[in-house]
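Enquirer: Quick one, coords.cif (mmCIF, C-alpha atoms):
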```cif
data_query
loop_
_atom_site.label_atom_id
_atom_site.label_comp_id
_atom_site.auth_asym_id
_atom_site.auth_seq_id
_atom_site.Cartn_x
_atom_site.Cartn_y
_atom_site.Cartn_z
CA MET C 216 -12.37 -4.94 -21.90
CA ARG C 217 -10.44 -2.22 -20.18
CA CYS C 218 -11.33 -3.87 -16.92
CA LEU C 219 -9.77 -7.10 -18.13
CA THR C 220 -6.64 -5.55 -19.54
CA LEU C 221 -5.82 -3.51 -16.48
CA LEU C 222 -7.03 -6.08 -13.95
CA SER C 223 -7.68 -3.00 -11.87
CA LEU C 224 -10.30 -2.73 -9.16
CA ALA C 225 -10.68 0.97 -9.89
CA ALA C 226 -11.10 0.36 -13.58
CA CYS C 227 -13.62 -2.38 -12.82
CA ALA C 228 -15.76 0.02 -10.79
CA ALA C 229 -18.85 1.51 -12.35
CA PRO C 230 -17.98 4.22 -14.86
CA ALA C 231 -18.17 7.82 -13.78
CA ASP C 232 -21.55 9.49 -14.24
CA GLY C 233 -20.55 12.45 -16.34
CA THR C 234 -18.52 13.67 -19.27
CA PHE C 235 -14.82 14.25 -19.82
CA GLU C 236 -13.28 17.13 -21.71
CA VAL C 237 -9.64 17.70 -22.56
CA HIS C 238 -8.25 21.24 -22.73
CA GLU C 239 -4.84 22.84 -22.89
CA LEU C 240 -3.70 25.90 -21.01
CA ASP C 241 -0.39 27.78 -21.09
CA ALA C 242 1.31 29.08 -17.97
CA THR C 243 1.74 32.84 -18.22
CA ASP C 244 4.95 33.15 -16.21
CA TYR C 245 6.95 30.23 -17.58
CA LYS C 246 7.07 28.07 -20.66
CA GLN C 247 4.73 25.15 -20.09
CA THR C 248 1.48 23.97 -21.61
CA TYR C 249 -0.68 21.87 -19.30
CA THR C 250 -3.22 19.30 -20.42
CA LEU C 251 -6.38 19.58 -18.38
CA ASN C 252 -8.63 16.55 -18.07
CA VAL C 253 -11.93 18.01 -16.93
CA PHE C 254 -14.70 15.83 -15.54
CA LEU C 255 -18.20 17.29 -15.39
CA PRO C 256 -20.64 15.18 -13.35
CA ASP C 257 -24.09 14.56 -14.77
CA THR C 258 -25.52 16.52 -11.86
CA TYR C 259 -23.62 19.67 -12.89
CA THR C 260 -25.83 22.56 -14.01
CA ASP C 261 -25.07 26.18 -14.77
CA ALA C 262 -27.60 27.16 -12.11
CA GLU C 263 -25.73 25.56 -9.21
CA PRO C 264 -22.14 26.58 -8.36
CA ALA C 265 -20.05 23.43 -8.18
CA THR C 266 -17.07 22.55 -6.03
CA VAL C 267 -13.89 22.00 -8.06
CA VAL C 268 -11.23 19.44 -7.25
CA TYR C 269 -7.83 20.41 -8.68
CA LEU C 270 -6.12 17.06 -9.08
CA PHE C 271 -2.38 16.66 -9.55
CA ASP C 272 -1.05 13.93 -11.87
CA GLY C 273 -4.27 14.35 -13.79
CA ASP C 274 -3.06 12.24 -16.71
CA GLN C 275 -3.06 9.27 -14.39
CA TRP C 276 -5.77 9.85 -11.82
CA THR C 277 -8.68 11.79 -13.34
CA ASP C 278 -10.71 8.72 -14.36
CA THR C 279 -10.28 7.08 -10.97
CA ALA C 280 -11.13 10.24 -9.05
CA ALA C 281 -14.23 10.83 -11.19
CA GLN C 282 -15.43 7.26 -10.62
CA ILE C 283 -14.93 7.60 -6.88
CA ALA C 284 -16.64 11.01 -6.74
CA THR C 285 -19.72 9.77 -8.56
CA ALA C 286 -19.80 6.58 -6.49
CA LEU C 287 -19.82 8.73 -3.35
CA GLU C 288 -22.61 10.82 -4.85
CA ARG C 289 -24.66 7.72 -5.67
CA GLU C 290 -24.49 6.62 -2.05
CA GLY C 291 -25.49 10.12 -0.95
CA THR C 292 -22.23 11.07 0.78
CA ILE C 293 -21.27 14.08 -1.36
CA ASP C 294 -22.38 16.19 -4.31
CA ALA C 295 -20.03 15.15 -7.11
CA PRO C 296 -17.54 17.92 -7.86
CA ILE C 297 -15.99 19.05 -11.11
CA VAL C 298 -12.58 17.38 -11.33
CA VAL C 299 -9.79 19.23 -13.11
CA GLY C 300 -6.92 16.80 -13.62
CA ILE C 301 -3.73 18.73 -14.28
CA GLY C 302 -1.35 16.86 -16.53
CA TYR C 303 1.15 17.11 -19.31
CA GLY C 304 -0.44 15.06 -22.09
CA ASP C 305 2.21 13.93 -24.57
CA ARG C 306 4.75 16.47 -23.32
CA PRO C 307 7.52 15.54 -20.86
CA ASN C 308 6.17 15.03 -17.35
CA LYS C 309 7.35 17.82 -15.04
CA ARG C 310 5.85 16.64 -11.75
CA ASN C 311 9.28 16.63 -10.07
CA ARG C 312 9.63 20.31 -10.90
CA ASP C 313 6.04 21.37 -10.27
CA TYR C 314 5.06 19.44 -7.14
CA THR C 315 8.14 19.75 -4.94
CA PRO C 316 9.18 22.63 -2.70
CA HIS C 317 12.51 24.35 -2.76
CA GLY C 318 14.82 23.21 0.01
CA LYS C 319 18.27 22.19 1.07
CA GLY C 320 20.12 19.77 -1.19
CA ILE C 321 17.34 19.06 -3.65
CA PRO C 322 18.28 17.43 -6.97
CA ASP C 323 18.32 19.37 -10.25
CA GLY C 324 14.92 19.65 -11.86
CA PHE C 325 13.01 19.78 -8.58
CA GLY C 326 11.66 22.49 -6.31
CA GLU C 327 9.62 24.96 -8.37
CA ILE C 328 6.25 24.56 -6.70
CA ASP C 329 6.02 28.33 -6.13
CA ALA C 330 5.85 28.91 -9.89
CA PHE C 331 3.39 26.05 -10.33
CA TYR C 332 1.03 27.46 -7.70
CA GLY C 333 1.41 30.82 -9.47
CA PHE C 334 0.03 29.11 -12.59
CA MET C 335 -2.74 27.53 -10.51
CA GLU C 336 -3.81 30.78 -8.87
CA HIS C 337 -3.33 33.24 -11.72
CA ASP C 338 -4.07 31.16 -14.81
CA LEU C 339 -5.93 27.96 -14.02
CA VAL C 340 -8.42 28.89 -11.31
CA PRO C 341 -9.65 32.03 -13.14
CA TRP C 342 -9.94 29.99 -16.36
CA VAL C 343 -12.03 27.33 -14.61
CA ASP C 344 -14.21 29.88 -12.78
CA GLU C 345 -14.85 31.64 -16.08
CA GLY C 346 -15.68 28.48 -17.98
CA TRP C 347 -18.07 26.78 -15.59
CA SER C 348 -20.43 27.64 -12.77
CA THR C 349 -18.19 27.16 -9.75
CA ASP C 350 -18.12 27.97 -6.07
CA ALA C 351 -15.45 30.65 -6.43
CA THR C 352 -14.48 30.69 -2.77
CA PRO C 353 -11.69 28.78 -0.98
CA ALA C 354 -14.34 26.49 0.50
CA GLY C 355 -15.36 25.52 -3.03
CA ARG C 356 -11.87 24.47 -4.14
CA VAL C 357 -9.92 21.33 -3.28
CA VAL C 358 -6.32 20.48 -4.08
CA MET C 359 -5.66 16.77 -4.19
CA GLY C 360 -2.68 14.61 -5.07
CA HIS C 361 -0.67 11.49 -4.43
CA SER C 362 3.04 11.13 -3.54
CA PHE C 363 4.72 14.32 -4.85
CA GLY C 364 1.19 15.44 -5.71
CA GLY C 365 0.24 14.89 -2.07
CA GLU C 366 3.17 17.02 -0.98
CA ALA C 367 1.93 19.71 -3.37
CA ALA C 368 -1.57 19.54 -1.89
CA VAL C 369 -0.22 19.91 1.66
CA TRP C 370 2.02 22.80 0.53
CA GLY C 371 -1.00 24.63 -0.86
CA LEU C 372 -2.68 24.51 2.51
CA PHE C 373 -0.06 26.85 3.98
CA HIS C 374 0.92 28.89 0.93
CA ALA C 375 -2.39 29.44 -0.85
CA PRO C 376 -5.15 29.25 1.79
CA GLU C 377 -6.85 32.30 0.31
CA THR C 378 -7.44 30.27 -2.87
CA PHE C 379 -7.80 26.67 -1.72
CA GLY C 380 -9.76 25.85 1.40
CA ASN C 381 -9.55 22.05 1.16
CA ALA C 382 -6.63 19.69 0.67
CA ILE C 383 -6.26 15.94 0.24
CA GLY C 384 -2.70 14.67 0.60
CA LEU C 385 -2.26 10.96 -0.20
CA SER C 386 1.03 9.17 0.51
CA SER C 387 2.47 12.66 0.59
CA SER C 388 6.24 12.91 0.16
CA LEU C 389 6.61 14.78 3.43
CA VAL C 390 10.25 13.75 3.72
CA PHE C 391 11.27 15.74 0.66
CA ALA C 392 14.12 18.24 1.16
CA ASP C 393 14.77 17.28 4.79
CA ALA C 394 11.04 17.43 5.50
CA VAL C 395 10.92 21.15 4.72
CA ILE C 396 7.11 21.01 4.75
CA PHE C 397 7.34 20.77 8.57
CA ASP C 398 9.22 24.09 8.51
CA ASP C 399 6.49 25.58 6.31
CA GLU C 400 3.85 24.40 8.77
CA ALA C 401 5.76 25.90 11.70
CA ALA C 402 6.22 29.21 9.86
CA PHE C 403 2.50 29.34 9.12
CA ALA C 404 1.70 28.63 12.78
CA LEU C 405 3.92 31.52 13.90
CA GLU C 406 1.94 33.99 11.84
CA ASN C 407 -1.58 32.58 12.04
CA ASP C 408 -4.00 31.72 14.83
CA ASP C 409 -6.35 29.84 12.59
CA LEU C 410 -6.45 27.73 9.43
CA ASP C 411 -9.89 27.64 7.87
CA ALA C 412 -9.70 24.41 5.91
CA ARG C 413 -10.76 20.84 5.60
CA PHE C 414 -7.72 18.64 5.32
CA TYR C 415 -7.36 14.92 4.77
CA LEU C 416 -3.92 13.40 5.17
CA GLY C 417 -3.69 9.70 4.31
CA ALA C 418 -1.02 7.05 3.95
CA GLY C 419 -0.87 3.28 3.69
CA SER C 420 0.11 1.27 6.74
CA GLN C 421 2.64 -0.63 4.62
CA GLU C 422 4.29 2.40 3.02
CA GLY C 423 7.61 2.01 4.79
CA TYR C 424 10.45 4.44 4.10
CA GLY C 425 9.05 6.59 6.87
CA LEU C 426 6.01 7.85 4.98
CA ALA C 427 3.33 6.45 7.28
CA GLY C 428 5.20 7.65 10.36
CA LEU C 429 5.71 11.08 8.84
CA THR C 430 2.02 11.30 7.98
CA GLU C 431 1.11 10.54 11.59
CA ALA C 432 3.68 13.02 12.88
CA PHE C 433 2.52 15.77 10.54
CA GLY C 434 -1.09 15.21 11.55
CA GLU C 435 -0.16 15.31 15.23
CA THR C 436 1.85 18.50 14.74
CA LEU C 437 -1.00 20.20 12.95
CA ALA C 438 -3.56 19.03 15.49
CA SER C 439 -1.41 20.43 18.29
CA ARG C 440 -1.95 23.96 16.88
CA GLU C 441 -5.62 23.68 17.83
CA TYR C 442 -6.78 25.85 14.93
CA PRO C 443 -10.48 26.48 15.60
CA SER C 444 -11.54 26.25 11.94
CA LEU C 445 -9.38 23.34 10.83
CA ASP C 446 -11.24 20.10 10.14
CA LEU C 447 -8.37 17.60 10.02
CA LYS C 448 -8.40 13.86 9.47
CA THR C 449 -5.19 11.86 9.58
CA ASP C 450 -5.68 8.37 8.26
CA ILE C 451 -3.36 5.37 8.07
CA ILE C 452 -5.16 2.88 5.84
CA ARG C 453 -4.34 -0.69 6.76
CA GLY C 454 -3.14 -3.04 4.05
CA ARG C 455 -2.21 -0.32 1.56
CA PHE C 456 1.24 0.64 0.31
CA HIS C 457 2.47 3.55 -1.78
CA ALA C 458 1.27 2.30 -5.15
CA SER C 459 -2.05 1.01 -3.88
CA LEU C 460 -3.27 3.85 -1.66
CA PHE C 461 -4.93 6.18 -4.14
CA PRO C 462 -8.43 4.65 -4.53
CA ALA C 463 -9.07 4.11 -0.82
CA GLY C 464 -7.40 7.39 0.13
CA ALA C 465 -9.27 9.39 -2.50
CA GLU C 466 -12.56 7.93 -1.33
CA ALA C 467 -11.91 8.77 2.31
CA GLY C 468 -10.44 12.15 1.42
CA LEU C 469 -13.26 13.30 -0.84
CA ALA C 470 -15.81 12.15 1.73
CA HIS C 471 -13.99 14.09 4.46
CA VAL C 472 -13.62 17.40 2.63
CA LEU C 473 -16.89 17.41 0.66
CA GLU C 474 -19.40 15.78 3.00
CA GLU C 475 -22.12 18.07 4.35
CA LYS C 476 -21.42 18.70 8.03
CA MET P 15 -10.97 -42.02 4.08
CA ILE P 16 -10.02 -44.68 1.53
CA PRO P 17 -9.94 -42.19 -1.36
CA LEU P 18 -7.67 -40.00 0.76
CA LEU P 19 -5.34 -42.93 1.27
CA PHE P 20 -5.21 -43.47 -2.47
CA VAL P 21 -4.39 -39.81 -2.97
CA GLY P 22 -1.71 -40.03 -0.30
CA ALA P 23 -0.19 -43.12 -1.86
CA ALA P 24 -0.23 -41.54 -5.30
CA LEU P 25 1.50 -38.43 -4.02
CA ALA P 26 4.09 -40.49 -2.12
CA ALA P 27 4.96 -42.30 -5.32
CA ALA P 28 5.00 -39.12 -7.41
CA PRO P 29 8.16 -37.32 -8.48
CA LEU P 30 9.16 -34.70 -5.92
CA HIS P 31 10.66 -31.43 -6.98
CA VAL P 32 12.55 -29.15 -4.60
CA GLU P 33 14.04 -25.72 -5.29
CA ALA P 34 15.88 -23.23 -3.12
CA THR P 35 16.22 -19.80 -4.68
CA ALA P 36 17.89 -16.52 -3.80
CA LEU P 37 15.39 -13.74 -4.52
CA MET P 38 15.87 -10.16 -5.62
CA GLY P 39 13.42 -7.36 -6.36
CA MET P 40 12.51 -4.34 -4.30
CA ARG P 41 13.11 -6.91 -1.61
CA ALA P 42 15.84 -9.52 -1.21
CA GLY P 43 15.68 -12.88 0.47
CA ALA P 44 15.29 -16.58 -0.06
CA GLY P 45 12.53 -18.77 -1.32
CA GLY P 46 11.70 -22.42 -1.49
CA LEU P 47 9.44 -24.41 -3.78
CA VAL P 48 8.34 -27.96 -3.11
CA THR P 49 6.03 -29.70 -5.54
CA VAL P 50 4.99 -33.22 -6.42
CA GLU P 51 3.93 -34.36 -9.85
CA PRO P 52 0.88 -36.58 -9.35
CA VAL P 53 0.17 -36.51 -13.05
CA ARG P 54 2.81 -36.00 -15.71
CA HIS P 55 3.37 -32.29 -16.42
CA LEU P 56 1.19 -31.25 -13.44
CA GLU P 57 2.88 -29.87 -10.32
CA VAL P 58 1.17 -29.33 -6.98
CA GLY P 59 2.84 -28.01 -3.88
CA GLY P 60 3.73 -24.74 -2.29
CA THR P 61 6.19 -21.89 -2.04
CA ALA P 62 7.67 -20.10 0.93
CA THR P 63 9.65 -16.86 0.85
CA VAL P 64 11.42 -14.83 3.48
CA THR P 65 12.43 -11.35 2.31
CA THR P 66 13.43 -7.94 3.55
CA ASP P 67 13.14 -4.55 1.86
CA LEU P 68 16.14 -3.17 -0.01
CA TYR P 69 16.14 0.42 1.15
CA GLY P 70 19.15 1.08 -1.09
CA PHE P 71 16.91 1.20 -4.15
CA ALA P 72 15.35 4.45 -2.92
CA PRO P 73 16.90 7.85 -3.65
CA THR P 74 19.06 9.33 -0.93
CA TRP P 75 16.49 11.98 -0.05
CA VAL P 76 14.17 9.12 0.90
CA THR P 77 16.72 7.13 2.88
CA ASP P 78 18.63 9.92 4.65
CA GLY P 79 17.81 9.76 8.34
CA LEU P 80 15.90 6.50 7.98
CA ASP P 81 16.83 3.75 10.42
CA PRO P 82 15.12 0.42 9.71
CA LYS P 83 14.89 -1.45 13.01
CA HIS P 84 13.67 -4.58 11.31
CA ASN P 85 11.82 -5.46 8.16
CA LEU P 86 10.62 -8.97 7.46
CA ARG P 87 8.05 -10.46 5.13
CA ILE P 88 7.18 -14.15 5.19
CA SER P 89 4.92 -15.62 2.55
CA LEU P 90 3.40 -19.09 2.27
CA GLN P 91 1.53 -19.89 -0.92
CA PRO P 92 0.04 -23.20 -2.07
CA ALA P 93 0.86 -23.56 -5.77
CA ILE P 94 -0.35 -25.48 -8.77
CA GLY P 95 0.91 -25.44 -12.33
CA VAL P 96 2.33 -27.22 -15.31
CA ASN P 97 5.79 -28.12 -16.56
CA THR P 98 7.20 -29.12 -19.91
CA GLY P 99 8.59 -32.44 -18.64
CA ASP P 100 11.55 -34.22 -17.14
CA THR P 101 14.20 -32.98 -19.57
CA ARG P 102 17.57 -31.25 -19.23
CA VAL P 103 15.99 -27.91 -19.94
CA SER P 104 12.43 -27.53 -18.80
CA PHE P 105 10.00 -24.80 -17.97
CA ALA P 106 7.24 -24.54 -15.40
CA MET P 107 4.47 -22.07 -14.80
CA LEU P 108 2.79 -22.11 -11.39
CA GLY P 109 -0.04 -20.07 -9.98
CA SER P 110 -0.19 -19.54 -6.25
CA VAL P 111 -2.38 -17.90 -3.64
CA GLY P 112 -1.60 -17.55 0.03
CA LEU P 113 -0.75 -15.25 2.87
CA GLU P 114 2.08 -12.88 3.66
CA MET P 115 2.98 -11.83 7.15
CA LEU P 116 4.87 -8.57 7.18
CA THR P 117 6.39 -6.81 10.10
CA PHE P 118 8.57 -3.76 10.07
CA ARG P 119 9.62 -1.03 12.41
CA GLU P 120 11.62 2.04 11.55
CA SER P 121 12.57 5.44 12.85
CA ARG P 122 13.45 8.56 10.94
CA ASP P 123 15.20 11.74 11.92
CA VAL P 124 13.12 14.68 10.74
CA PRO P 125 15.22 17.84 11.01
CA PRO P 126 12.36 20.21 11.88
CA LEU P 127 11.17 17.92 14.71
CA ASP P 128 12.97 17.51 18.00
CA LYS P 129 12.60 13.72 18.14
CA PRO P 130 12.71 10.90 15.59
CA VAL P 131 9.48 9.67 14.05
CA VAL P 132 8.90 6.01 14.90
CA TYR P 133 6.56 3.76 12.99
CA GLY P 134 5.92 0.04 12.74
CA THR P 135 3.29 -2.44 11.70
CA THR P 136 2.59 -6.16 11.70
CA GLU P 137 -0.01 -7.40 9.25
CA LEU P 138 -1.24 -10.54 7.56
CA VAL P 139 -2.30 -9.94 3.96
CA PRO P 140 -3.50 -12.16 1.10
CA VAL P 141 -1.07 -12.49 -1.79
CA GLY P 142 -0.99 -14.37 -5.06
CA GLY P 143 0.85 -14.52 -8.31
CA VAL P 144 2.38 -16.48 -11.14
CA THR P 145 5.85 -18.03 -11.07
CA LEU P 146 7.66 -18.64 -14.33
CA ASP P 147 10.52 -21.06 -13.74
CA LEU P 148 13.27 -22.11 -16.15
CA ARG P 149 15.10 -25.24 -14.98
CA VAL P 150 18.40 -26.49 -16.34
CA ARG P 151 19.59 -29.91 -15.15
CA PRO P 152 22.98 -31.02 -16.51
CA THR P 153 22.69 -34.20 -14.42
CA LYS P 154 19.78 -36.21 -13.11
CA THR P 155 20.57 -35.29 -9.53
CA TRP P 156 20.68 -31.51 -9.47
CA GLY P 157 20.25 -28.43 -11.56
CA MET P 158 19.74 -24.71 -11.49
CA ASN P 159 16.70 -22.59 -11.92
CA MET P 160 15.91 -19.05 -12.92
CA MET P 161 12.51 -17.75 -11.93
CA ILE P 162 10.38 -14.64 -11.91
CA TYR P 163 7.34 -14.13 -9.70
CA THR P 164 4.71 -11.71 -10.96
CA PRO P 165 2.16 -10.73 -8.33
CA LEU P 166 -1.45 -10.70 -9.46
CA PRO P 167 -3.63 -8.80 -9.56
CA PRO P 168 -1.75 -5.51 -9.95
CA THR P 169 -2.44 -2.76 -7.45
CA PRO P 170 -5.99 -1.37 -7.29
CA THR P 171 -4.79 1.51 -9.43
CA GLY P 172 -3.70 -0.79 -12.24
CA ASN P 173 -0.01 -0.21 -11.55
CA PRO P 174 2.23 -3.28 -11.32
CA ASN P 175 2.70 -4.43 -7.75
CA LEU P 176 6.42 -3.70 -7.78
CA GLU P 177 6.79 -4.34 -4.06
CA ARG P 178 6.19 -8.04 -4.55
CA LEU P 179 7.69 -8.55 -8.01
CA HIS P 180 10.88 -10.54 -7.74
CA ALA P 181 13.23 -12.81 -9.65
CA GLY P 182 15.65 -15.44 -8.47
CA LEU P 183 18.41 -17.91 -9.17
CA GLY P 184 18.65 -21.18 -7.33
CA VAL P 185 19.22 -24.91 -7.25
CA VAL P 186 16.85 -27.67 -8.27
CA ILE P 187 16.79 -31.12 -6.72
CA PRO P 188 14.48 -33.64 -8.38
CA LEU P 189 13.65 -36.46 -5.97
CA GLY P 190 11.60 -39.60 -6.09
CA PRO P 191 10.56 -41.50 -9.17
CA LYS P 192 11.02 -39.97 -12.60
CA SER P 193 7.97 -38.52 -14.22
#
```
Take the structure from the file and write it as structure tokens.

Expert:
Amino acid sequence: MRCLTLLSLAACAAPADGTFEVHELDATDYKQTYTLNVFLPDTYTDAEPATVVYLFDGDQWTDTAAQIATALEREGTIDAPIVVGIGYGDRPNKRNRDYTPHGKGIPDGFGEIDAFYGFMEHDLVPWVDEGWSTDATPAGRVVMGHSFGGEAAVWGLFHAPETFGNAIGLSSSLVFADAVIFDDEAAFALENDDLDARFYLGAGSQEGYGLAGLTEAFGETLASREYPSLDLKTDIIRGRFHASLFPAGAEAGLAHVLEEK
Amino acid sequence: MIPLLFVGAALAAAPLHVEATALMGMRAGAGGLVTVEPVRHLEVGGTATVTTDLYGFAPTWVTDGLDPKHNLRISLQPAIGVNTGDTRVSFAMLGSVGLEMLTFRESRDVPPLDKPVVYGTTELVPVGGVTLDLRVRPTKTWGMNMMIYTPLPPTPTGNPNLERLHAGLGVVIPLGPKS
């Protein structure tokens, strides 16, 4: 029925093989309660540390990401990860505040990603590692998001590499605040000779508004650093636009960062 | 061959319905609808649209530094549907499936980079949707229409396909025999 009402390819896909739990967690350093949509794949056991995907806009994307992850597992591409979809539940959505970096001329209510990553690193990740059997290393953690969430995933690559060793940025809003993320990348390159990460950067060929071009340019810039430990894939997916990229991008991104190599 | 001739003759004798409509959505442009009515209340024909993106709908932080070189989307869709009849105020609902050719090229100044980012694409993609069309004809010779085109299906994520959703106002010219 849901398949019929949404007329959605993702919703028509086979259901995810696993269980969903909903939790709430308060940020220690600022006033915000987050709703966490946690997907545990059927293959999860306490005996085997699992990779965890920290998914932005979790209210919207957790079901889709879980379906894609288990579909990739069924075809033998990856071991399905735990997915922790970070959302707001019935509270006001604060993605503008949480997923965007501070920069020149940003509108009110934006640009507090530093605080949000503080919540991620000091509250959320320890809570997840305590609650389930997880691979508690950067290589065992993925940040993933779309649009502003994609920008947040890319930001984490340069500002929290000691916590997150994988990032999937889909239709990332790289233009935000005069493309300040390019400055962040350059600052990271000045101080580091290597970036030990798997990184998937995807956009739709029909995105327009400069997003596909920016994605290509960001990928080229990062590749030019020649970091020995960076496994980068820049992907312009033909036929997709901003609102339609997530399923195809998530599939390619999860395969890239989680596939055994 | 003979059945085809019969079909051709029937269509030639059928009421012909022509619309030209100015379109607005996330894109702006013009559209045309030409249908015949081989059977009363049944319309068969096609639509054509030519549109360009309205970059002004985006927030300034998206459009600052963006220079669209060109942006054009042309869609041709065979259509079939029903109408409420040949009255002063009538309503039609048409389903259509076809192709859209899109081509755009743009450059963007990115302050941290020393040269603009240039990007462009030309693609042919399948499209389809439902047109709801309200027609008001004060005289037998012309009228006006108000339409909305809802693309179907929605995006693969279940979101509405806002890029292709559009509405329009235009003129209606009924030709040929009355239905």

Enquirer: What would the selection look like, as a ChimeraX atom specification, if the PyMOL selection byres ((chain C and resi 401-416) around 6) were run on the coordinates I just shared?

Expert: /C:380-384,398-400,417,442,444-449,468,472

Enquirer: Taking into account only C-alpha atoms, which residue in the set C:Pro264, C:Gly318, C:Gly355, C:Gly371 is nearest to chain P?

Expert: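 Smallest separation from chain P among the options: C:Gly318.
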
Enquirer: Report as a tab-separated table: every residue of chain P with an atom at most 10 Å from chain C, its closest pair of atoms, and their distance in Å to one decimal, counting all atoms listed in the file, with rows sorted by chain and ascending residue number.

Expert:
```
residue	atom	partner	partner_atom	distance
P:Asp67	CA	C:Gly423	CA	9.1
P:Tyr69	CA	C:Tyr424	CA	7.6
P:Ala72	CA	C:Tyr424	CA	8.6
P:Trp75	CA	C:Phe391	CA	6.5
P:Val76	CA	C:Val390	CA	6.7
P:Thr77	CA	C:Tyr424	CA	6.9
P:Asp78	CA	C:Asp393	CA	8.3
P:Gly79	CA	C:Asp393	CA	8.9
P:Leu80	CA	C:Gly425	CA	6.9
P:Asp81	CA	C:Tyr424	CA	9.0
P:Pro82	CA	C:Tyr424	CA	8.3
P:Asn85	CA	C:Gly423	CA	9.2
P:Leu116	CA	C:Gln421	CA	8.6
P:Thr117	CA	C:Gln421	CA	9.1
P:Phe118	CA	C:Gly423	CA	7.9
P:Arg119	CA	C:Gly423	CA	8.4
P:Glu120	CA	C:Gly425	CA	7.0
P:Ser121	CA	C:Gly425	CA	7.0
P:Arg122	CA	C:Gly425	CA	6.3
P:Asp123	CA	C:Asp393	CA	9.0
P:Val124	CA	C:Ala394	CA	6.3
P:Pro125	CA	C:Asp393	CA	6.3
P:Pro126	CA	C:Asp398	CA	6.0
P:Leu127	CA	C:Phe397	CA	7.8
P:Pro130	CA	C:Ala432	CA	9.7
P:Val131	CA	C:Gly428	CA	6.0
P:Val132	CA	C:Gly428	CA	6.1
P:Tyr133	CA	C:Gly428	CA	4.9
P:Gly134	CA	C:Gly428	CA	8.0
P:Thr135	CA	C:Ser420	CA	7.0
P:Thr136	CA	C:Gln421	CA	9.0
P:Glu137	CA	C:Gly454	CA	7.5
P:Leu138	CA	C:Gly454	CA	8.5
P:Val139	CA	C:Gly454	CA	7.0
P:Pro140	CA	C:Gly454	CA	9.6
P:Leu166	CA	C:Leu222	CA	8.5
P:Pro167	CA	C:Leu222	CA	6.2
P:Pro168	CA	C:Leu222	CA	6.6
P:Thr169	CA	C:Ser459	CA	5.2
P:Pro170	CA	C:Leu224	CA	4.9
P:Thr171	CA	C:Ser223	CA	5.9
P:Gly172	CA	C:Ser223	CA	4.6
P:Asn173	CA	C:Ala458	CA	7.0
P:Pro174	CA	C:Ala458	CA	8.4
P:Asn175	CA	C:Ala458	CA	7.4
P:Leu176	CA	C:Ala458	CA	8.3
P:Glu177	CA	C:Phe456	CA	8.6
```

Enquirer: With C-alpha atoms retained, could you export that selection as a compact mmCIF listing (two decimals), keeping the file's coordinate frame?

Expert:
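Writing done, so here's out28.txt:
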```txt
# COMPACT_ATOMS: atom_id res chain seq x y z
CA ASP P 67 13.14 -4.55 1.86
CA TYR P 69 16.14 0.42 1.15
CA ALA P 72 15.35 4.45 -2.92
CA TRP P 75 16.49 11.98 -0.05
CA VAL P 76 14.17 9.12 0.90
CA THR P 77 16.72 7.13 2.88
CA ASP P 78 18.63 9.92 4.65
CA GLY P 79 17.81 9.76 8.34
CA LEU P 80 15.90 6.50 7.98
CA ASP P 81 16.83 3.75 10.42
CA PRO P 82 15.12 0.42 9.71
CA ASN P 85 11.82 -5.46 8.16
CA LEU P 116 4.87 -8.57 7.18
CA THR P 117 6.39 -6.81 10.10
CA PHE P 118 8.57 -3.76 10.07
CA ARG P 119 9.62 -1.03 12.41
CA GLU P 120 11.62 2.04 11.55
CA SER P 121 12.57 5.44 12.85
CA ARG P 122 13.45 8.56 10.94
CA ASP P 123 15.20 11.74 11.92
CA VAL P 124 13.12 14.68 10.74
CA PRO P 125 15.22 17.84 11.01
CA PRO P 126 12.36 20.21 11.88
CA LEU P 127 11.17 17.92 14.71
CA PRO P 130 12.71 10.90 15.59
CA VAL P 131 9.48 9.67 14.05
CA VAL P 132 8.90 6.01 14.90
CA TYR P 133 6.56 3.76 12.99
CA GLY P 134 5.92 0.04 12.74
CA THR P 135 3.29 -2.44 11.70
CA THR P 136 2.59 -6.16 11.70
CA GLU P 137 -0.01 -7.40 9.25
CA LEU P 138 -1.24 -10.54 7.56
CA VAL P 139 -2.30 -9.94 3.96
CA PRO P 140 -3.50 -12.16 1.10
CA LEU P 166 -1.45 -10.70 -9.46
CA PRO P 167 -3.63 -8.80 -9.56
CA PRO P 168 -1.75 -5.51 -9.95
CA THR P 169 -2.44 -2.76 -7.45
CA PRO P 170 -5.99 -1.37 -7.29
CA THR P 171 -4.79 1.51 -9.43
CA GLY P 172 -3.70 -0.79 -12.24
CA ASN P 173 -0.01 -0.21 -11.55
CA PRO P 174 2.23 -3.28 -11.32
CA ASN P 175 2.70 -4.43 -7.75
CA LEU P 176 6.42 -3.70 -7.78
CA GLU P 177 6.79 -4.34 -4.06
```

Enquirer: Given the file shown, determine the residues that the PyMOL selection byres ((chain C and resi 240) around 9) selects; report them as a list of chain:residue names.

Expert: C:His238, C:Glu239, C:Asp241, C:Ala242, C:Gln247, C:Thr248, C:Tyr249, C:Thr250, C:Leu251, C:Asp338, C:Leu339, C:Trp342

Enquirer: Give me the residues near Glu327 of chain C as a list in words, where near means some atom within 7 Å (using only C-alpha atoms) and where sequence neighbours in that chain fewer than 3 positions away do not count.

Expert: Arg312, Asp313, Thr315, Pro316, His317, Ala330 and Phe331 of chain C

Enquirer: Using all atoms listed in the file, list the residues that have an atom at most 8 Å from (0.2, -15.5, 2.4), coordinates as in the file, as a list in words.

Expert: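 Result, sorted by chain then residue number: Ile88, Ser89, Leu90, Gln91, Val111, Gly112, Leu113, Glu114, Met115, Leu138, Val139, Pro140, Val141 and Gly142 of chain P.
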